[in-house]
$ cat start_15.cif   # mmCIF, C-alpha atoms
data_protein
#
loop_
_atom_site.label_atom_id
_atom_site.label_comp_id
_atom_site.auth_asym_id
_atom_site.auth_seq_id
_atom_site.Cartn_x
_atom_site.Cartn_y
_atom_site.Cartn_z
CA MET A 1 -1.70 -13.56 -30.27
CA LYS A 2 -0.42 -17.08 -30.66
CA SER A 3 2.98 -15.88 -31.66
CA GLN A 4 3.05 -13.62 -28.59
CA VAL A 5 2.34 -16.56 -26.32
CA LEU A 6 5.00 -18.57 -28.05
CA LEU A 7 7.45 -15.71 -27.66
CA LEU A 8 6.58 -15.41 -23.99
CA LEU A 9 7.03 -19.12 -23.49
CA LEU A 10 10.36 -18.98 -25.26
CA LEU A 11 11.46 -16.07 -23.14
CA ILE A 12 10.38 -17.82 -19.99
CA THR A 13 12.16 -21.02 -20.91
CA ALA A 14 15.24 -19.20 -22.04
CA CYS A 15 15.53 -17.19 -18.87
CA LYS A 16 14.44 -19.82 -16.46
CA ASN A 17 17.77 -20.84 -15.10
CA ASP A 18 19.73 -17.64 -15.00
CA VAL A 19 17.32 -14.73 -14.58
CA PRO A 20 15.33 -15.09 -11.36
CA HIS A 21 12.65 -12.52 -12.20
CA LYS A 22 11.31 -14.36 -15.20
CA GLU A 23 10.65 -17.81 -13.93
CA LYS A 24 7.98 -20.22 -14.98
CA VAL A 25 4.51 -18.76 -14.74
CA GLU A 26 2.27 -21.72 -14.04
CA SER A 27 1.74 -23.04 -10.56
CA LYS A 28 1.26 -26.75 -10.14
CA TYR A 29 -1.72 -26.91 -7.85
CA GLU A 30 -2.91 -30.17 -9.37
CA ASN A 31 0.05 -31.84 -7.76
CA LYS A 32 -1.61 -32.42 -4.43
CA ALA A 33 0.36 -34.78 -2.28
CA LYS A 34 -0.34 -35.15 1.40
CA ASP A 35 2.81 -33.76 2.92
CA ASP A 36 4.77 -30.56 2.80
CA ALA A 37 6.55 -31.66 -0.31
CA VAL A 38 3.73 -29.86 -2.12
CA VAL A 39 5.06 -26.55 -0.90
CA ASP A 40 8.20 -27.10 -2.88
CA ALA A 41 6.10 -28.02 -5.86
CA VAL A 42 4.35 -24.64 -5.83
CA ASP A 43 6.25 -23.16 -8.72
CA LEU A 44 6.04 -19.46 -8.12
CA GLY A 45 6.90 -16.95 -10.82
CA VAL A 46 8.73 -13.93 -9.43
CA TYR A 47 8.70 -10.70 -11.43
CA ASP A 48 9.99 -7.18 -11.28
CA TYR A 49 7.89 -4.46 -12.93
CA ASP A 50 9.34 -5.02 -16.38
CA GLY A 51 8.40 -8.65 -16.03
CA LEU A 52 4.94 -7.96 -14.65
CA GLU A 53 3.97 -5.19 -17.06
CA PRO A 54 3.08 -7.45 -20.02
CA LEU A 55 1.07 -9.74 -17.72
CA ILE A 56 -1.23 -6.89 -16.69
CA ASN A 57 -1.59 -5.46 -20.19
CA LEU A 58 -2.68 -8.45 -22.22
CA LYS A 59 -4.30 -7.54 -25.51
CA ASP A 60 -6.84 -10.29 -26.02
CA ASP A 61 -10.61 -10.53 -25.85
CA LYS A 62 -10.72 -11.67 -22.22
CA VAL A 63 -11.73 -9.76 -19.13
CA HIS A 64 -8.66 -9.71 -16.87
CA VAL A 65 -8.92 -9.29 -13.14
CA VAL A 66 -5.61 -8.42 -11.48
CA ASN A 67 -5.54 -8.26 -7.70
CA PHE A 68 -2.57 -6.92 -5.73
CA TRP A 69 -2.47 -8.58 -2.33
CA ALA A 70 -0.25 -10.13 0.34
CA THR A 71 -0.72 -12.87 2.92
CA TRP A 72 -0.17 -10.37 5.76
CA CYS A 73 -2.82 -7.97 4.41
CA ALA A 74 -6.03 -8.83 6.30
CA PRO A 75 -8.50 -7.10 3.97
CA CYS A 76 -6.74 -8.74 1.00
CA VAL A 77 -7.06 -12.20 2.50
CA LYS A 78 -10.70 -11.53 3.31
CA GLU A 79 -11.59 -10.77 -0.31
CA LEU A 80 -9.42 -13.50 -1.84
CA PRO A 81 -12.28 -16.04 -1.89
CA TYR A 82 -14.29 -13.61 -4.02
CA PHE A 83 -11.53 -13.58 -6.62
CA GLU A 84 -11.32 -17.35 -6.42
CA HIS A 85 -15.08 -17.45 -6.97
CA ILE A 86 -14.71 -15.32 -10.11
CA ASN A 87 -11.88 -17.49 -11.36
CA GLU A 88 -13.95 -20.62 -10.83
CA ASN A 89 -17.32 -19.43 -12.11
CA TYR A 90 -16.45 -17.00 -14.90
CA LYS A 91 -13.78 -19.03 -16.63
CA ASP A 92 -16.18 -20.07 -19.39
CA LYS A 93 -17.23 -16.42 -19.77
CA ASN A 94 -13.73 -15.44 -20.78
CA VAL A 95 -12.68 -13.98 -17.44
CA GLU A 96 -9.19 -14.57 -16.09
CA VAL A 97 -7.88 -13.83 -12.59
CA LEU A 98 -4.26 -13.02 -11.77
CA LEU A 99 -3.26 -12.68 -8.12
CA VAL A 100 -0.12 -10.57 -7.72
CA SER A 101 1.45 -11.17 -4.32
CA LEU A 102 3.53 -8.44 -2.69
CA ASP A 103 4.79 -10.70 0.06
CA PHE A 104 8.46 -10.12 0.84
CA PRO A 105 10.82 -12.60 -0.88
CA LYS A 106 12.04 -13.91 2.47
CA ASN A 107 8.47 -15.08 3.11
CA TYR A 108 7.86 -16.91 -0.18
CA GLU A 109 8.74 -20.30 1.29
CA SER A 110 7.62 -19.73 4.87
CA LYS A 111 4.34 -17.89 4.30
CA LEU A 112 3.20 -17.44 0.72
CA LYS A 113 3.59 -20.95 -0.62
CA PRO A 114 2.09 -22.61 2.48
CA PHE A 115 -0.83 -20.15 2.23
CA LEU A 116 -1.46 -21.03 -1.42
CA LYS A 117 -1.39 -24.68 -0.49
CA LYS A 118 -3.55 -24.38 2.61
CA TYR A 119 -6.34 -22.55 0.81
CA SER A 120 -5.87 -24.46 -2.46
CA ILE A 121 -5.71 -21.24 -4.43
CA LYS A 122 -6.67 -22.02 -8.01
CA SER A 123 -6.22 -18.63 -9.67
CA GLN A 124 -2.89 -17.88 -11.27
CA VAL A 125 -0.50 -16.41 -8.70
CA VAL A 126 2.71 -14.50 -9.33
CA ALA A 127 5.03 -12.86 -6.85
CA PHE A 128 6.01 -9.25 -7.48
CA ASP A 129 9.33 -8.05 -6.16
CA ASP A 130 10.37 -4.55 -7.18
CA THR A 131 11.49 -1.95 -4.67
CA ASP A 132 11.31 1.01 -7.05
CA GLN A 133 7.75 1.80 -5.99
CA ASN A 134 7.83 5.39 -7.06
CA ARG A 135 8.24 4.14 -10.61
CA TRP A 136 5.73 1.31 -10.78
CA ILE A 137 2.88 2.54 -8.56
CA PRO A 138 2.05 5.48 -10.83
CA ALA A 139 2.80 3.34 -13.89
CA ILE A 140 0.16 0.82 -12.82
CA ASN A 141 -2.31 3.60 -12.13
CA LYS A 142 -1.78 7.32 -11.78
CA ASP A 143 -4.31 7.55 -8.95
CA TRP A 144 -2.94 4.69 -6.85
CA SER A 145 -1.64 6.02 -3.54
CA GLY A 146 0.03 2.68 -2.90
CA ALA A 147 -2.36 1.10 -0.42
CA LEU A 148 -3.25 -2.59 -0.55
CA PRO A 149 -5.48 -4.20 -1.63
CA ALA A 150 -5.78 -2.85 -5.15
CA THR A 151 -7.41 -4.32 -8.22
CA ILE A 152 -7.38 -3.74 -11.96
CA ILE A 153 -10.13 -5.01 -14.23
CA TYR A 154 -9.50 -4.60 -17.93
CA LYS A 155 -10.52 -5.83 -21.32
CA GLY A 156 -8.60 -4.55 -24.30
CA ASP A 157 -8.39 -0.79 -23.86
CA LYS A 158 -11.14 -0.54 -21.25
CA ARG A 159 -9.56 -0.38 -17.86
CA GLN A 160 -10.70 0.27 -14.30
CA PHE A 161 -8.56 0.65 -11.20
CA TYR A 162 -9.81 0.14 -7.64
CA GLU A 163 -7.86 1.08 -4.52
CA ARG A 164 -10.34 -0.55 -2.19
CA SER A 165 -11.79 -3.82 -0.90
CA PHE A 166 -14.74 -5.64 -2.44
CA THR A 167 -17.64 -7.73 -1.27
CA GLN A 168 -18.37 -10.68 -3.53
CA GLU A 169 -21.42 -8.89 -4.93
CA GLU A 170 -19.51 -5.69 -5.63
CA LEU A 171 -16.76 -7.58 -7.42
CA GLU A 172 -19.22 -9.56 -9.50
CA ASN A 173 -21.08 -6.38 -10.43
CA GLU A 174 -17.88 -4.77 -11.63
CA ILE A 175 -17.05 -7.79 -13.74
CA LEU A 176 -20.55 -7.97 -15.17
CA GLY A 177 -20.04 -4.37 -16.24
CA PHE A 178 -17.14 -5.55 -18.38
CA LEU A 179 -19.03 -8.51 -19.78
CA HIS A 180 -22.01 -6.54 -21.03
CA MET B 1 -29.45 -0.36 -7.30
CA LYS B 2 -26.96 1.98 -8.93
CA THR B 3 -29.44 4.86 -8.89
CA LEU B 4 -30.15 4.22 -5.24
CA LYS B 5 -26.43 4.25 -4.45
CA LEU B 6 -25.95 7.45 -6.38
CA LEU B 7 -28.89 9.04 -4.63
CA THR B 8 -27.54 8.02 -1.24
CA ILE B 9 -24.14 9.43 -2.05
CA MET B 10 -25.64 12.65 -3.36
CA THR B 11 -27.83 13.03 -0.29
CA LEU B 12 -24.93 12.32 2.04
CA GLY B 13 -22.77 14.73 0.12
CA LEU B 14 -25.42 17.42 0.29
CA ALA B 15 -25.94 16.80 3.99
CA LEU B 16 -22.21 17.15 4.63
CA PHE B 17 -22.03 20.21 2.50
CA ALA B 18 -25.00 21.80 4.20
CA PHE B 19 -24.13 21.15 7.79
CA THR B 20 -20.37 21.28 8.07
CA ASN B 21 -17.42 23.19 6.79
CA ILE B 22 -15.56 20.08 5.74
CA THR B 23 -14.43 20.21 2.16
CA ILE B 24 -14.72 16.82 0.58
CA ASP B 25 -11.41 16.11 -1.03
CA LYS B 26 -8.53 13.71 -0.96
CA GLY B 27 -6.54 15.37 1.78
CA TYR B 28 -3.55 17.63 1.55
CA GLU B 29 -1.43 18.48 -1.39
CA VAL B 30 1.97 20.12 -1.21
CA GLY B 31 1.41 23.78 -0.32
CA ASP B 32 -1.66 23.19 1.84
CA ILE B 33 -1.72 24.13 5.51
CA ALA B 34 -1.91 21.07 7.74
CA THR B 35 -4.16 20.93 10.75
CA ASP B 36 -2.76 20.70 14.25
CA PHE B 37 -4.12 18.03 16.55
CA SER B 38 -4.15 16.87 20.12
CA LEU B 39 -3.46 13.15 20.20
CA GLU B 40 -2.52 10.79 22.99
CA ASN B 41 1.08 9.68 23.17
CA ILE B 42 2.23 6.30 24.49
CA ASP B 43 3.11 7.99 27.81
CA GLY B 44 -0.51 9.08 28.27
CA LYS B 45 0.18 12.75 27.54
CA MET B 46 -1.55 14.68 24.79
CA VAL B 47 0.71 16.00 22.04
CA SER B 48 0.12 18.88 19.63
CA LEU B 49 2.35 20.41 17.01
CA ALA B 50 1.91 23.73 18.84
CA ASP B 51 3.78 22.23 21.81
CA TYR B 52 6.99 22.37 19.79
CA LYS B 53 7.84 26.03 20.19
CA ASP B 54 11.38 25.71 18.80
CA ALA B 55 10.63 23.39 15.91
CA LYS B 56 11.12 24.63 12.36
CA GLY B 57 8.79 21.97 11.11
CA PHE B 58 7.83 18.34 11.46
CA ILE B 59 8.27 14.94 9.90
CA VAL B 60 4.77 13.53 10.44
CA ILE B 61 4.65 9.81 9.71
CA PHE B 62 1.48 7.73 9.76
CA THR B 63 2.72 4.31 10.80
CA CYS B 64 1.78 1.31 12.90
CA ASN B 65 2.99 -1.91 14.50
CA THR B 66 1.28 -4.41 12.28
CA CYS B 67 2.18 -3.45 8.73
CA PRO B 68 5.27 -5.21 7.38
CA TYR B 69 6.27 -2.09 5.42
CA ALA B 70 5.97 0.05 8.54
CA VAL B 71 7.99 -2.49 10.49
CA ALA B 72 10.65 -2.53 7.78
CA TYR B 73 11.01 1.23 8.24
CA GLU B 74 11.04 1.37 12.08
CA ASP B 75 14.79 1.74 12.43
CA ARG B 76 14.93 4.31 9.65
CA VAL B 77 12.17 6.36 11.29
CA GLU B 78 14.13 6.34 14.54
CA ALA B 79 17.27 7.37 12.61
CA LEU B 80 15.35 10.27 11.04
CA ASN B 81 14.37 11.56 14.48
CA LYS B 82 17.93 11.21 15.78
CA LYS B 83 19.25 13.13 12.81
CA TYR B 84 16.65 15.90 12.53
CA GLU B 85 15.10 16.48 15.95
CA ASP B 86 17.98 18.69 17.06
CA LYS B 87 17.95 20.49 13.73
CA GLY B 88 14.34 21.50 14.29
CA TYR B 89 12.47 18.76 12.44
CA PRO B 90 11.29 16.14 14.95
CA VAL B 91 9.48 12.98 13.86
CA ILE B 92 5.86 12.80 14.98
CA ALA B 93 4.52 9.27 14.45
CA ILE B 94 0.75 8.76 14.32
CA MET B 95 -0.92 5.35 14.42
CA PRO B 96 -4.14 5.70 12.37
CA ASN B 97 -5.67 2.19 12.46
CA ASN B 98 -8.89 1.14 14.14
CA THR B 99 -7.56 -1.03 16.95
CA ASP B 100 -10.76 -3.10 17.08
CA VAL B 101 -9.77 -4.33 13.62
CA MET B 102 -6.06 -4.34 14.41
CA PRO B 103 -5.58 -5.22 18.10
CA GLY B 104 -1.85 -5.43 17.41
CA ASP B 105 -1.90 -1.65 17.12
CA ASN B 106 -3.59 -0.88 20.43
CA MET B 107 -2.03 1.38 23.04
CA GLU B 108 -0.38 -1.45 24.98
CA ALA B 109 1.09 -2.88 21.79
CA MET B 110 2.31 0.56 20.72
CA GLN B 111 3.96 1.07 24.10
CA ALA B 112 5.61 -2.34 23.94
CA ARG B 113 6.89 -1.74 20.41
CA ALA B 114 8.24 1.72 21.25
CA LYS B 115 10.00 0.35 24.30
CA ALA B 116 11.48 -2.62 22.47
CA LYS B 117 12.76 -0.43 19.64
CA GLY B 118 13.73 2.50 21.86
CA PHE B 119 11.71 5.07 19.94
CA THR B 120 12.75 8.60 20.89
CA PHE B 121 9.87 10.24 19.00
CA PRO B 122 6.24 10.57 20.11
CA TYR B 123 4.09 7.68 18.93
CA LEU B 124 0.53 9.00 18.95
CA THR B 125 -2.79 7.29 18.42
CA ASP B 126 -5.40 8.81 16.12
CA LYS B 127 -8.00 7.13 18.31
CA ASN B 128 -11.04 8.76 16.77
CA GLN B 129 -9.59 8.46 13.26
CA LYS B 130 -10.26 12.13 12.64
CA ILE B 131 -6.77 13.32 11.76
CA TYR B 132 -5.47 10.93 9.09
CA PRO B 133 -8.41 11.61 6.72
CA GLN B 134 -7.72 15.34 6.90
CA TYR B 135 -4.12 14.71 5.89
CA GLY B 136 -5.29 12.26 3.25
CA ALA B 137 -3.13 9.44 4.52
CA THR B 138 -4.22 6.16 2.99
CA LYS B 139 -1.61 3.73 4.21
CA THR B 140 1.23 3.03 6.57
CA PRO B 141 3.90 4.28 6.36
CA HIS B 142 2.92 7.64 4.83
CA VAL B 143 5.10 10.72 5.33
CA TYR B 144 4.07 14.40 5.49
CA ILE B 145 6.85 16.93 5.96
CA LEU B 146 5.55 20.23 7.34
CA GLU B 147 7.30 23.57 7.61
CA LYS B 148 6.28 26.13 10.17
CA THR B 149 5.34 29.31 8.35
CA LYS B 150 3.36 32.41 9.23
CA LYS B 151 0.33 30.84 7.59
CA GLY B 152 0.67 27.68 9.64
CA ASN B 153 2.28 24.29 9.13
CA GLU B 154 2.72 24.12 5.39
CA VAL B 155 2.90 20.72 3.67
CA LYS B 156 6.21 20.49 1.82
CA TYR B 157 6.52 16.83 0.94
CA ILE B 158 4.18 13.83 0.81
CA GLY B 159 5.08 10.22 0.24
CA ALA B 160 7.76 7.66 0.91
CA ILE B 161 10.71 7.65 3.28
CA ASP B 162 13.08 6.38 0.59
CA ASP B 163 13.13 4.18 -2.48
CA ASN B 164 13.75 0.76 -0.95
CA TYR B 165 11.47 -0.64 1.76
CA LYS B 166 13.26 -3.96 1.72
CA ASP B 167 16.86 -3.00 2.27
CA ALA B 168 18.05 0.19 3.92
CA ASP B 169 21.55 -0.42 2.54
CA ALA B 170 20.29 -0.53 -1.03
CA VAL B 171 18.52 2.84 -0.86
CA THR B 172 19.55 5.24 -3.62
CA GLU B 173 17.01 8.04 -3.05
CA LYS B 174 16.42 9.30 0.49
CA TYR B 175 13.33 11.34 -0.36
CA THR B 176 12.45 12.40 3.18
CA GLU B 177 16.01 13.30 4.17
CA ASP B 178 16.56 15.17 0.93
CA ALA B 179 13.39 17.18 1.49
CA VAL B 180 14.29 18.12 5.08
CA ASP B 181 17.86 18.95 4.05
CA ALA B 182 16.52 21.26 1.39
CA LEU B 183 14.23 22.98 3.90
CA LEU B 184 17.13 23.43 6.31
CA LYS B 185 19.20 24.99 3.52
CA ASN B 186 16.29 27.11 2.36
CA SER B 187 16.53 25.59 -1.05
CA GLU B 188 13.92 24.09 -3.34
CA ILE B 189 12.82 20.52 -2.59
CA LYS B 190 13.55 18.56 -5.75
CA VAL B 191 11.09 15.71 -5.28
CA LYS B 192 7.97 16.96 -3.52
CA SER B 193 5.86 13.84 -3.67
CA THR B 194 6.46 10.16 -4.17
CA ARG B 195 4.42 6.98 -4.07
CA ALA B 196 5.05 4.13 -1.72
CA ILE B 197 3.33 0.84 -1.25
CA GLY B 198 1.78 0.33 2.16
CA CYS B 199 -0.95 -1.28 4.20
CA SER B 200 -4.33 0.37 3.86
CA ILE B 201 -5.39 2.20 7.01
CA LYS B 202 -7.90 0.02 8.84
CA VAL B 203 -11.26 1.67 9.54
#
$ encode --input "start_15.cif" --output "structure tokens"
Amino acid sequence: MKSQVLLLLLLITACKNDVPHKEKVESKYENKAKDDAVVDAVDLGVYDYDGLEPLINLKDDKVHVVNFWATWCAPCVKELPYFEHINENYKDKNVEVLLVSLDFPKNYESKLKPFLKKYSIKSQVVAFDDTDQNRWIPAINKDWSGALPATIIYKGDKRQFYERSFTQEELENEILGFLH
Amino acid sequence: MKTLKLLTIMTLGLALFAFTNITIDKGYEVGDIATDFSLENIDGKMVSLADYKDAKGFIVIFTCNTCPYAVAYEDRVEALNKKYEDKGYPVIAIMPNNTDVMPGDNMEAMQARAKAKGFTFPYLTDKNQKIYPQYGATKTPHVYILEKTKKGNEVKYIGAIDDNYKDADAVTEKYTEDAVDALLKNSEIKVKSTRAIGCSIKV
């Protein structure tokens, strides 16, 4: 596992300057200044499917919650606090949240980053930019029709896919199912 | 809690099964016969597939004003109608969202959008949200190509318009056009269904 992380880090560092779809993963939310300069500091990783695939198939002992969303998707935005709640309160129970934004690249600076800043999103966020939907939608889940929001919860080989919205209670119940 | 949920679902399912003819499934697959409808167009008139006496089939597209993917495809939907209406495959656009949830998709907004973009195809509202579930549409945009046959309007293709929502110039696979072209040539449609990302239909 450690060597995988190291490899990933190496890859990320190596590709940082020349390959746009494998940028740095971490977002610097702790860097909270008062003005808009923070928006520039939101370091957003942008991935195509080949870049995203390893991030949604991690083989460790954690429960991973992957939510596909976008700032323009009203039901996605509505349930975002529930994912933030999971990220905040289940961290010590080995649960990790990854928010995969499908905002259009032209809106990264104008919409996505300001949104992340405004709502102080703490979960890890990556942007997903891959137009070959007919390839990656069925690859992510064979039953996904392509509607947003969509969520994957997985731990090791156990994997559930949800093409639907959640209430906080529903989401927590699903995660508890993975913890027990 | 879980048992209660299951019981409720089972009871509901039984009730549906007992009192209606609706089959509970995920909508149409290629080869199924699609239902006709009578839905209000932006000009106030009701539109049905049966109105199109000379059509060979239809490009039915569930779409709306408010979804960025649908908006990205507006010009391409108009181009599809321009190209195929005269050949017998008009575009029929249906707006499936609940407009209480999405006021930006209400009749006035639809009229304004159609006028601004110069839509030449009917832009209908599935006001009672009864039609899209029968088709099995889950998102906008979502394409169903139908061919008029003796049995009825047979579903020939389900899915995306093409393979690049972001950039019409970068498209390499024009799924919808390819399917209609094949129908016009009486040849086999190579790709009969595709996936596309879209905005969930608002209920």
$ interface_residues --input "start_15.cif" --of "chain B" --to "chain A" --cutoff "10 Å" --atoms "only C-alpha atoms" --output "PyMOL selection string"
chain B and resi 66-69+101-102+136-142+159-160+162-167+170-173+193-202
$ resolve_selection --input "start_15.cif" --expression "the PyMOL selection byres ((chain A and resi 111-122) around 7)" --output "compact mmCIF listing (two decimals) with C-alpha atoms, keeping the file's coordinate frame"
# COMPACT_ATOMS: atom_id res chain seq x y z
CA TYR A 29 -1.72 -26.91 -7.85
CA VAL A 39 5.06 -26.55 -0.90
CA VAL A 42 4.35 -24.64 -5.83
CA THR A 71 -0.72 -12.87 2.92
CA GLU A 84 -11.32 -17.35 -6.42
CA ASP A 103 4.79 -10.70 0.06
CA ASN A 107 8.47 -15.08 3.11
CA TYR A 108 7.86 -16.91 -0.18
CA GLU A 109 8.74 -20.30 1.29
CA SER A 110 7.62 -19.73 4.87
CA SER A 123 -6.22 -18.63 -9.67
CA GLN A 124 -2.89 -17.88 -11.27
$ resolve_selection --input "start_15.cif" --expression "the PyMOL selection byres ((chain B and resi 58) around 6)" --output "ChimeraX atom specification"
/B:57,59-60,89-90,145-146
$ residues_around --input "start_15.cif" --residues "Ile56 (chain A)" --least-positions-apart "2" --cutoff "10 Å" --atoms "all atoms listed in the file" --output "list of chain:residue names"
A:Gly51, A:Leu52, A:Glu53, A:Pro54, A:Leu58, A:Lys59, A:His64, A:Val65, A:Val66, A:Leu98, A:Val100, A:Ile140, A:Ile152, A:Ile153, A:Tyr154
$ closest_residue --input "start_15.cif" --among "B:Pro133, B:Phe121, B:Val191, B:Asn186" --to "Asp75 (chain B)" --atoms "only C-alpha atoms"
B:Phe121
$ resolve_selection --input "start_15.cif" --expression "the PyMOL selection byres ((chain B and resi 125) around 6)" --output "JSON, numbers by chain"
{"B": [40, 94, 95, 124, 126, 127]}
$ closest_residue --input "start_15.cif" --among "B:Ala109, B:Cys64, B:Ala50, B:Ala79" --to "Ala93 (chain B)" --atoms "all atoms listed in the file"
B:Cys64
$ residues_around --input "start_15.cif" --residues "region 170-173 of chain A" --least-positions-apart "3" --cutoff "12 Å" --atoms "only C-alpha atoms" --output "ChimeraX atom specification"
/A:65-67,79-87,89-90,95,151-153,162,164-167,176-180 /B:1-2
$ atom_distance --input "start_15.cif" --atom1 "CA of Tyr84 (chain B)" --atom2 "CA of Lys115 (chain B)"
20.6 Å
$ atom_distance --input "start_15.cif" --atom1 "CA of Lys150 (chain B)" --atom2 "CA of Phe62 (chain B)"
24.8 Å
$ atom_distance --input "start_15.cif" --atom1 "CA of Tyr135 (chain B)" --atom2 "CA of Glu147 (chain B)"
14.6 Å
$ residues_around --input "start_15.cif" --residues "Thr149 (chain B)" --least-positions-apart "6" --cutoff "12 Å" --atoms "only C-alpha atoms" --output "list in words"
Gly31, Asp32, Ile33, Ala34, Ala55, Lys56, Gly57, Phe58, Val155, Lys156 and Leu183 of chain B
$ closest_residue --input "start_15.cif" --among "B:Gly88, B:Gly44, B:Gly118, B:Gly27" --to "Val180 (chain B)" --atoms "all atoms listed in the file"
B:Gly88
$ build_atoms --input "start_15.cif" --residues "region 39-56 of chain B" --atoms "N, CA and C atoms" --output "compact mmCIF listing (two decimals), in the frame of the given file"
# COMPACT_ATOMS: atom_id res chain seq x y z
N LEU B 39 -3.33 14.61 20.19
CA LEU B 39 -3.46 13.15 20.20
C LEU B 39 -2.66 12.55 21.34
N GLU B 40 -3.16 11.41 21.83
CA GLU B 40 -2.52 10.79 22.99
C GLU B 40 -1.25 10.05 22.61
N ASN B 41 -0.21 10.36 23.36
CA ASN B 41 1.08 9.68 23.17
C ASN B 41 1.11 8.39 24.00
N ILE B 42 2.13 7.56 23.75
CA ILE B 42 2.23 6.30 24.49
C ILE B 42 2.51 6.51 25.98
N ASP B 43 2.91 7.74 26.38
CA ASP B 43 3.11 7.99 27.81
C ASP B 43 1.86 8.57 28.46
N GLY B 44 0.75 8.60 27.71
CA GLY B 44 -0.51 9.08 28.27
C GLY B 44 -0.73 10.57 28.09
N LYS B 45 0.33 11.30 27.70
CA LYS B 45 0.18 12.75 27.54
C LYS B 45 -0.35 13.10 26.15
N MET B 46 -1.05 14.22 26.08
CA MET B 46 -1.55 14.68 24.79
C MET B 46 -0.46 15.49 24.10
N VAL B 47 -0.33 15.29 22.80
CA VAL B 47 0.71 16.00 22.04
C VAL B 47 0.08 16.79 20.90
N SER B 48 0.53 18.03 20.76
CA SER B 48 0.12 18.88 19.63
C SER B 48 1.36 19.42 18.96
N LEU B 49 1.22 19.79 17.71
CA LEU B 49 2.35 20.41 17.01
C LEU B 49 2.72 21.73 17.68
N ALA B 50 1.69 22.42 18.20
CA ALA B 50 1.91 23.73 18.84
C ALA B 50 2.80 23.63 20.08
N ASP B 51 2.92 22.41 20.63
CA ASP B 51 3.78 22.23 21.81
C ASP B 51 5.25 22.46 21.48
N TYR B 52 5.58 22.30 20.21
CA TYR B 52 6.99 22.37 19.79
C TYR B 52 7.35 23.79 19.39
N LYS B 53 7.61 24.59 20.42
CA LYS B 53 7.84 26.03 20.19
C LYS B 53 9.07 26.27 19.31
N ASP B 54 10.11 25.46 19.50
CA ASP B 54 11.38 25.71 18.80
C ASP B 54 11.50 25.00 17.47
N ALA B 55 10.52 24.17 17.15
CA ALA B 55 10.63 23.39 15.91
C ALA B 55 10.52 24.29 14.68
N LYS B 56 11.25 23.92 13.64
CA LYS B 56 11.12 24.63 12.36
C LYS B 56 10.06 23.97 11.49
